[in-house]
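S.K.: The structure that follows is given in the form of structure tokens.
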Amino acid sequence: MKECPTPLSKVLTKRIQRKQHTKPTVLVSLILISLITCGVGSILYYFWAKRQAIVDIPNERSSHLHQPIRGLGIVFPIACALMGILSLYTRLLPLEIEEIWIRPVLIPLGIVLAGLTGYLDDRLDLRATIRLPLYALSVGLVLFASSPLSYISFLGAGIALIVLVGIINTYNFMDGINGITGLYSI
């Protein structure tokens with residue numbers, strides 16, 4: 001009787017070792033897809049917005065003299081949503097069946113809602129009574145999905161909600177000031 005050149009245990013060990021290496025590869029691939037989406041999406045949006053005249057007209061209070069494109073930030077939440085969808089598809093996150101919709105769906109949904117609110121604010125100048133509840137809903141989705149309630153009280157979650165909405169509103173206000181928000185963030 002001829003002996004099998006590679007016993008089943010060796011084959012299974014190799015497969016398990018390969019699976020352990022695929023998660024970092026998938027994660028790096030998802031990050032690269034997200035970065036490419038941001039880059040290509042930014043270029044496409046720039047030319048489309050320029051053709052559609054989606055620009056900010058400088059006035060006496062403006063810190064810029066040229067007409068910058070408005071709403072370019074919408075590309076980043078779209079890339080985040082794409083990464084969430086792809087992480088679901090590739091099963092990157094080790095989730096149970098009942099948790100399948102929480103992290104990879106609600107976190108990108110909250111980010112897309114915040115990005116869409118900022119985009120609509122850039123285009124339509126939304127009032128604070130509309131903008132702030134939408135930001136609160138988006139932050140609430142992210143806080144719920146990231147499960148901080150098991151670590152902090154409802155009072156702490158409420159304070160986190162107010163602080164995060166304030167930070168988003170501040171960034172949205174400052175993002176058109178010639179890159180000053182990026183400099184402050186560093």
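For the structure tokens, the naming scheme is as follows: chains receive sequential letters (A, B, ...) according to their order of presentation, residues are indexed from 1 within each chain, and ligands are indexed from 1 in presentation order.
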If you run DSSP on the backbone, which residues of segment 106-170 of chain A are alpha helix (DSSP H), as a ChimeraX atom specification?

M.R.: /A:107-124,128-145,154-170

S.K.: Pick out the residues sitting within 12 Å of Ile107 of chain A, and hand them over as a ChimeraX atom specification; count only C-alpha atoms, and ignore anything fewer than 3 positions along from it in its own chain.

M.R.: /A:77,80-85,101-104,110-114,137-147

S.K.: Which is closer to Leu30 of chain A than all the others in A:Ile57, A:Leu126, A:Leu88, A:Leu72, using only C-alpha atoms?

M.R.: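 Under the stated criterion, the closest residue is A:Leu88.
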
S.K.: With only C-alpha atoms as the basis for distance, which of A:Cys38, A:Ile152, A:Ala136, A:Ile54 is at the shortest distance from Ile168 of chain A?

M.R.: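 For Ile168 of chain A, the nearest of the candidates is A:Ala136.
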
S.K.: Just how far from atom CA of Gly71 of chain A is atom CA of Tyr119 of chain A, in Å to one decimal?

M.R.: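 Atom CA of Gly71 of chain A lies 5.0 Å from atom CA of Tyr119 of chain A.
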
S.K.: Mind pulling up the distance from atom CA of Val26 of chain A to atom CA of Ser87 of chain A?

M.R.: 8.5 Å
